[in-house]
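data.pdb, holding PDB, C-alpha atoms:
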```pdb
ATOM      1  CA  MET A 235     -49.254 -50.993  31.889
ATOM      2  CA  GLY A 236     -48.464 -52.367  28.428
ATOM      3  CA  GLY A 237     -45.679 -54.837  27.741
ATOM      4  CA  THR A 238     -43.698 -52.314  25.745
ATOM      5  CA  THR A 239     -43.922 -49.729  28.521
ATOM      6  CA  ALA A 240     -42.840 -52.338  31.088
ATOM      7  CA  PHE A 241     -39.800 -53.244  29.002
ATOM      8  CA  TRP A 242     -38.935 -49.550  28.640
ATOM      9  CA  TYR A 243     -39.032 -48.971  32.392
ATOM     10  CA  ALA A 244     -37.160 -52.221  33.082
ATOM     11  CA  SER A 245     -34.433 -51.282  30.636
ATOM     12  CA  ARG A 246     -33.976 -47.824  32.180
ATOM     13  CA  ALA A 247     -34.091 -49.107  35.762
ATOM     14  CA  THR A 248     -31.617 -51.951  35.233
ATOM     15  CA  GLY A 249     -29.291 -49.584  33.378
ATOM     16  CA  VAL A 250     -29.213 -47.187  36.330
ATOM     17  CA  VAL A 251     -28.632 -50.006  38.828
ATOM     18  CA  ALA A 252     -25.883 -51.442  36.631
ATOM     19  CA  LEU A 253     -24.120 -48.052  36.572
ATOM     20  CA  VAL A 254     -24.222 -47.869  40.375
ATOM     21  CA  LEU A 255     -22.908 -51.431  40.705
ATOM     22  CA  LEU A 256     -20.112 -50.768  38.219
ATOM     23  CA  THR A 257     -19.183 -47.699  40.257
ATOM     24  CA  VAL A 258     -18.954 -49.820  43.409
ATOM     25  CA  VAL A 259     -16.823 -52.412  41.577
ATOM     26  CA  LEU A 260     -14.435 -49.753  40.292
ATOM     27  CA  VAL A 261     -14.150 -47.946  43.628
ATOM     28  CA  LEU A 262     -13.415 -51.247  45.381
ATOM     29  CA  GLY A 263     -10.782 -52.065  42.784
ATOM     30  CA  ILE A 264      -9.117 -48.682  43.244
ATOM     31  CA  LEU A 265      -9.170 -48.725  47.035
ATOM     32  CA  VAL A 266      -7.805 -52.258  47.415
ATOM     33  CA  ASN A 267      -4.136 -52.092  48.263
ATOM     34  CA  ARG A 268      -1.364 -54.209  46.789
ATOM     35  CA  GLN A 269      -2.020 -56.996  49.269
ATOM     36  CA  GLY A 270      -5.608 -57.236  48.014
ATOM     37  CA  ARG A 271      -7.130 -56.023  51.266
ATOM     38  CA  LEU A 272      -9.326 -53.280  52.602
ATOM     39  CA  PRO A 273      -9.053 -51.938  56.138
ATOM     40  CA  GLY A 274     -10.954 -54.218  58.504
ATOM     41  CA  LEU A 275     -11.601 -56.978  55.951
ATOM     42  CA  PRO A 276      -9.551 -60.105  55.217
ATOM     43  CA  ARG A 277      -8.331 -60.724  51.709
ATOM     44  CA  PHE A 278     -10.813 -63.511  50.912
ATOM     45  CA  ALA A 279     -13.742 -61.274  51.931
ATOM     46  CA  VAL A 280     -12.587 -58.449  49.653
ATOM     47  CA  THR A 281     -12.060 -60.827  46.734
ATOM     48  CA  SER A 282     -15.475 -62.418  47.255
ATOM     49  CA  LEU A 283     -17.210 -59.045  47.613
ATOM     50  CA  HIS A 284     -15.588 -57.653  44.471
ATOM     51  CA  ARG A 285     -16.402 -60.765  42.452
ATOM     52  CA  ASN A 286     -20.015 -61.034  43.612
ATOM     53  CA  ILE A 287     -20.784 -57.384  42.921
ATOM     54  CA  SER A 288     -19.159 -57.755  39.493
ATOM     55  CA  LEU A 289     -21.365 -60.770  38.729
ATOM     56  CA  LEU A 290     -24.426 -58.889  39.931
ATOM     57  CA  ALA A 291     -23.514 -55.966  37.674
ATOM     58  CA  VAL A 292     -23.204 -58.321  34.697
ATOM     59  CA  ALA A 293     -26.619 -59.795  35.513
ATOM     60  CA  PHE A 294     -28.236 -56.346  35.550
ATOM     61  CA  ILE A 295     -26.459 -55.389  32.323
ATOM     62  CA  ALA A 296     -27.760 -58.577  30.677
ATOM     63  CA  VAL A 297     -31.332 -57.772  31.745
ATOM     64  CA  HIS A 298     -30.794 -54.198  30.595
ATOM     65  CA  VAL A 299     -29.768 -55.402  27.134
ATOM     66  CA  VAL A 300     -32.572 -57.969  26.816
ATOM     67  CA  THR A 301     -35.321 -55.564  27.899
ATOM     68  CA  ALA A 302     -33.979 -52.903  25.537
ATOM     69  CA  VAL A 303     -34.210 -55.415  22.685
ATOM     70  CA  LEU A 304     -37.737 -56.483  23.697
ATOM     71  CA  ASP A 305     -38.902 -52.866  23.813
ATOM     72  CA  THR A 306     -40.538 -52.523  20.393
ATOM     73  CA  TYR A 307     -40.571 -48.715  20.450
ATOM     74  CA  VAL A 308     -37.223 -48.857  18.619
ATOM     75  CA  SER A 309     -35.512 -51.716  16.804
ATOM     76  CA  ILE A 310     -32.352 -52.859  18.589
ATOM     77  CA  PRO A 311     -30.859 -56.213  17.537
ATOM     78  CA  LEU A 312     -29.743 -58.558  20.326
ATOM     79  CA  LEU A 313     -26.337 -58.885  18.687
ATOM     80  CA  SER A 314     -25.668 -55.193  19.329
ATOM     81  CA  GLY A 315     -25.446 -55.980  23.040
ATOM     82  CA  VAL A 316     -22.083 -57.683  22.522
ATOM     83  CA  VAL A 317     -20.965 -56.487  19.082
ATOM     84  CA  PRO A 318     -20.085 -52.775  19.189
ATOM     85  CA  PHE A 319     -21.808 -50.426  16.725
ATOM     86  CA  ALA A 320     -24.040 -53.156  15.284
ATOM     87  CA  SER A 321     -27.253 -51.215  15.954
ATOM     88  CA  GLY A 322     -28.753 -48.754  13.544
ATOM     89  CA  TYR A 323     -30.373 -46.880  16.433
ATOM     90  CA  GLU A 324     -28.075 -44.675  18.526
ATOM     91  CA  ARG A 325     -25.156 -46.522  16.955
ATOM     92  CA  PHE A 326     -22.389 -44.686  18.822
ATOM     93  CA  TRP A 327     -23.897 -44.685  22.304
ATOM     94  CA  LEU A 328     -25.131 -48.278  22.099
ATOM     95  CA  GLY A 329     -21.740 -49.267  20.718
ATOM     96  CA  LEU A 330     -20.124 -47.860  23.844
ATOM     97  CA  GLY A 331     -22.513 -49.936  25.922
ATOM     98  CA  ALA A 332     -21.472 -53.095  24.070
ATOM     99  CA  ILE A 333     -17.791 -52.290  24.599
ATOM    100  CA  SER A 334     -18.401 -51.793  28.310
ATOM    101  CA  PHE A 335     -20.271 -55.106  28.536
ATOM    102  CA  ASP A 336     -17.494 -56.955  26.697
ATOM    103  CA  LEU A 337     -14.835 -55.474  29.004
ATOM    104  CA  MET A 338     -16.878 -56.486  32.031
ATOM    105  CA  LEU A 339     -17.216 -60.036  30.729
ATOM    106  CA  ALA A 340     -13.467 -60.192  30.102
ATOM    107  CA  MET A 341     -12.781 -59.101  33.669
ATOM    108  CA  ILE A 342     -15.214 -61.641  35.139
ATOM    109  CA  ILE A 343     -14.036 -64.579  33.023
ATOM    110  CA  THR A 344     -10.336 -63.920  33.630
ATOM    111  CA  SER A 345     -10.969 -63.525  37.357
ATOM    112  CA  LEU A 346     -12.741 -66.895  37.493
ATOM    113  CA  VAL A 347      -9.843 -68.655  35.711
ATOM    114  CA  ARG A 348      -7.069 -66.533  37.198
ATOM    115  CA  GLY A 349      -5.127 -69.567  38.416
ATOM    116  CA  ARG A 350      -4.821 -70.878  34.849
ATOM    117  CA  LEU A 351      -3.650 -67.633  33.266
ATOM    118  CA  ASN A 352      -0.243 -66.066  33.051
ATOM    119  CA  ARG A 353      -0.021 -63.339  35.689
ATOM    120  CA  VAL A 354       1.122 -60.701  33.191
ATOM    121  CA  LEU A 355      -1.727 -61.533  30.795
ATOM    122  CA  TRP A 356      -4.281 -61.535  33.613
ATOM    123  CA  ARG A 357      -3.077 -58.174  34.901
ATOM    124  CA  ALA A 358      -3.124 -56.632  31.412
ATOM    125  CA  ILE A 359      -6.723 -57.747  30.824
ATOM    126  CA  HIS A 360      -7.755 -56.685  34.319
ATOM    127  CA  LEU A 361      -6.268 -53.199  33.920
ATOM    128  CA  LEU A 362      -7.932 -52.868  30.514
ATOM    129  CA  ALA A 363     -11.237 -53.734  32.152
ATOM    130  CA  TYR A 364     -10.999 -50.562  34.240
ATOM    131  CA  LEU A 365     -12.062 -48.773  31.053
ATOM    132  CA  CYS A 366     -15.444 -50.405  31.577
ATOM    133  CA  TRP A 367     -16.691 -47.701  33.933
ATOM    134  CA  PRO A 368     -15.905 -44.540  31.913
ATOM    135  CA  VAL A 369     -17.238 -46.185  28.749
ATOM    136  CA  ALA A 370     -20.411 -47.289  30.575
ATOM    137  CA  PHE A 371     -20.789 -43.828  32.082
ATOM    138  CA  ALA A 372     -20.555 -42.189  28.657
ATOM    139  CA  HIS A 373     -23.054 -44.721  27.280
ATOM    140  CA  SER A 374     -25.494 -44.016  30.128
ATOM    141  CA  ILE A 375     -25.359 -40.243  29.805
ATOM    142  CA  GLY A 376     -25.427 -40.248  26.002
ATOM    143  CA  SER A 377     -28.145 -42.848  25.430
ATOM    144  CA  SER A 378     -30.517 -42.011  28.306
ATOM    145  CA  ARG A 379     -32.049 -38.565  28.506
ATOM    146  CA  ASP A 380     -33.359 -39.521  31.950
ATOM    147  CA  LEU A 381     -29.816 -39.266  33.300
ATOM    148  CA  GLN A 382     -29.349 -35.788  31.882
ATOM    149  CA  HIS A 383     -31.597 -34.017  34.392
ATOM    150  CA  GLY A 384     -33.262 -34.370  37.788
ATOM    151  CA  TRP A 385     -32.263 -36.767  40.549
ATOM    152  CA  LEU A 386     -30.874 -39.312  38.101
ATOM    153  CA  LEU A 387     -28.378 -36.704  36.954
ATOM    154  CA  ASP A 388     -27.484 -36.135  40.622
ATOM    155  CA  LEU A 389     -26.999 -39.878  41.022
ATOM    156  CA  SER A 390     -24.730 -39.994  37.978
ATOM    157  CA  LEU A 391     -22.669 -37.098  39.304
ATOM    158  CA  ALA A 392     -22.422 -38.837  42.691
ATOM    159  CA  CYS A 393     -21.023 -41.923  40.938
ATOM    160  CA  ALA A 394     -18.488 -39.781  39.101
ATOM    161  CA  LEU A 395     -17.474 -38.008  42.327
ATOM    162  CA  ALA A 396     -17.046 -41.357  44.108
ATOM    163  CA  VAL A 397     -14.718 -42.591  41.377
ATOM    164  CA  ALA A 398     -12.780 -39.297  41.346
ATOM    165  CA  ALA A 399     -12.393 -39.392  45.140
ATOM    166  CA  ALA A 400     -11.130 -42.993  45.019
ATOM    167  CA  VAL A 401      -8.609 -42.120  42.287
ATOM    168  CA  ILE A 402      -7.341 -39.097  44.226
ATOM    169  CA  TRP A 403      -7.012 -41.179  47.396
ATOM    170  CA  ARG A 404      -5.101 -43.913  45.559
ATOM    171  CA  LEU A 405      -2.750 -41.418  43.894
ATOM    172  CA  ALA A 406      -2.112 -39.654  47.199
ATOM    173  CA  SER A 407      -1.453 -42.996  48.879
ATOM    174  CA  ALA A 408       0.977 -43.996  46.136
ATOM    175  CA  ALA A 409       2.770 -40.653  46.362
ATOM    176  CA  ARG A 410       3.365 -41.188  50.089
ATOM    177  CA  GLN A 411       5.097 -44.476  49.432
ATOM    178  CA  LEU A 412       8.751 -44.313  48.541
ATOM    179  CA  PRO A 413       9.835 -46.126  45.398
ATOM    180  CA  ARG A 414      11.540 -49.448  46.044
ATOM    181  CA  ALA A 415      15.027 -48.111  45.251
ATOM    182  CA  ALA A 416      14.477 -45.184  47.580
ATOM    183  CA  ARG A 417      13.240 -47.520  50.325
ATOM    184  CA  VAL A 418      16.366 -49.671  50.015
ATOM    185  CA  ALA A 419      18.584 -46.593  50.168
ATOM    186  CA  ALA A 420      16.702 -45.278  53.199
ATOM    187  CA  VAL A 421      16.999 -48.603  55.027
ATOM    188  CA  TRP A 422      20.683 -48.771  54.178
ATOM    189  CA  ARG A 423      21.284 -45.257  55.478
ATOM    190  CA  GLN A 424      19.469 -46.105  58.699
ATOM    191  CA  HIS A 425      20.891 -49.547  59.360
ATOM    192  CA  GLY A 426      24.126 -49.514  57.374
ATOM    193  CA  PRO A 427      27.590 -49.510  58.913
ATOM    194  CA  HIS A 428      27.644 -45.728  59.176
ATOM    195  CA  GLY A 429      23.921 -45.179  59.804
ATOM    196  CA  THR A 430      22.315 -44.079  63.015
ATOM    197  CA  GLY A 431      20.583 -47.417  63.405
ATOM    198  CA  ALA A 432      23.826 -49.338  63.735
ATOM    199  CA  LYS A 433      26.614 -48.807  66.163
ATOM    200  CA  ALA A 434      30.027 -48.150  64.762
ATOM    201  CA  PRO A 435      32.516 -50.846  65.723
ATOM    202  CA  GLU A 436      34.612 -49.918  68.693
ATOM    203  CA  ARG A 437      38.310 -49.491  68.076
ATOM    204  CA  LEU A 438      40.567 -51.944  69.848
ATOM    205  CA  SER A 439      42.736 -50.313  72.442
ATOM    206  CA  ARG A 440      46.393 -50.756  71.931
TER     207      ARG A 440
END
```

In structure tokens, write the structure found in this file.
Amino acid sequence: MGGTTAFWYASRATGVVALVLLTVVLVLGILVNRQGRLPGLPRFAVTSLHRNISLLAVAFIAVHVVTAVLDTYVSIPLLSGVVPFASGYERFWLGLGAISFDLMLAMIITSLVRGRLNRVLWRAIHLLAYLCWPVAFAHSIGSSRDLQHGWLLDLSLACALAVAAAVIWRLASAARQLPRAARVAAVWRQHGPHGTGAKAPERLSR
């Protein structure tokens, strides 16, 4: 097997693995509740799992970019891996890949220095990073014809279905929760002076 062919296969393989890992990261992020926990796992385990898979995804994306650059079949500058639309080859689709990589890096870096950042700023960057998956998905489908048919297409659709299922579950879970104002009103009705949860004061007999 020639070096160029090896780089081509390595680039495709690491791209597919990176897409799967990004899907896992996104699904975990969606399923985690407001307390930062998953059923059956303590908070520190969920945080560690999410962070480690994110780092692993970044590692595979980095190898994906480097092997794509080393593949001499087409000319792709290394800078295009981080600077969107800097490549003359497949400019749009590779530009989406660079955007996804940059968003992933922003999420990782801000998570590592979370204690030093303003909470509002951290949350804004973290929410923006959720765009990483749809952008990466579009990049994968548009730039790789391998993912447009066969079992790799099935794998891509499975990733999309997993994300859709997680979003639906999260929305349904949020819909079941009363807004804070409604919760206060409900508690007041139940435990207030005239609610069923509190006994009305007995009148003093004359």

Q. So how many Å separate CA of Leu330 in chain A and CA of Pro318 in chain A, to one decimal?
A. 6.8 Å

Q: Determine, counting all atoms listed in the file, which protein, DNA and RNA residues have an atom within 9 Å of an atom of Pro311 in chain A; residues of the same chain fewer than 2 positions away are not included. Present the result as a list in words.
A: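 Selected residues are Val303, Ser309, Leu313, Ser314, Gly315, Ala320, Ser321 and Gly322 of chain A.
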
(Q) Neighbouring residues of range 299-302 of chain A were defined as those with any atom within 10 Å, considering all atoms listed in the file; residues of the same chain fewer than 2 positions away were excluded. Please report them as a PyMOL selection string. (A) chain A and resi 238+240-246+248-249+293-297+304-316+328+331-332+335

Q. Neighbours of range 379-389 of chain A within 12 Å (all atoms listed in the file; same-chain residues fewer than 3 positions away dropped), as a PyMOL selection string?
A. chain A and resi 242-243+245-247+249-251+253-254+257+327+371-376+392-396

Q: To one decimal in Å, tell me the separation between CA of Trp367 in chain A and CA of Leu346 in chain A.
A: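 One can read the CA of Trp367 in chain A to CA of Leu346 in chain A distance as 19.9 Å.
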
Q) Ser288 in chain A: which residues within 9 Å, counting only C-alpha atoms, same-chain residues fewer than 4 positions away excluded, as a PyMOL selection string? A) chain A and resi 255-256+258-259+283-284+292-293+338+341-342
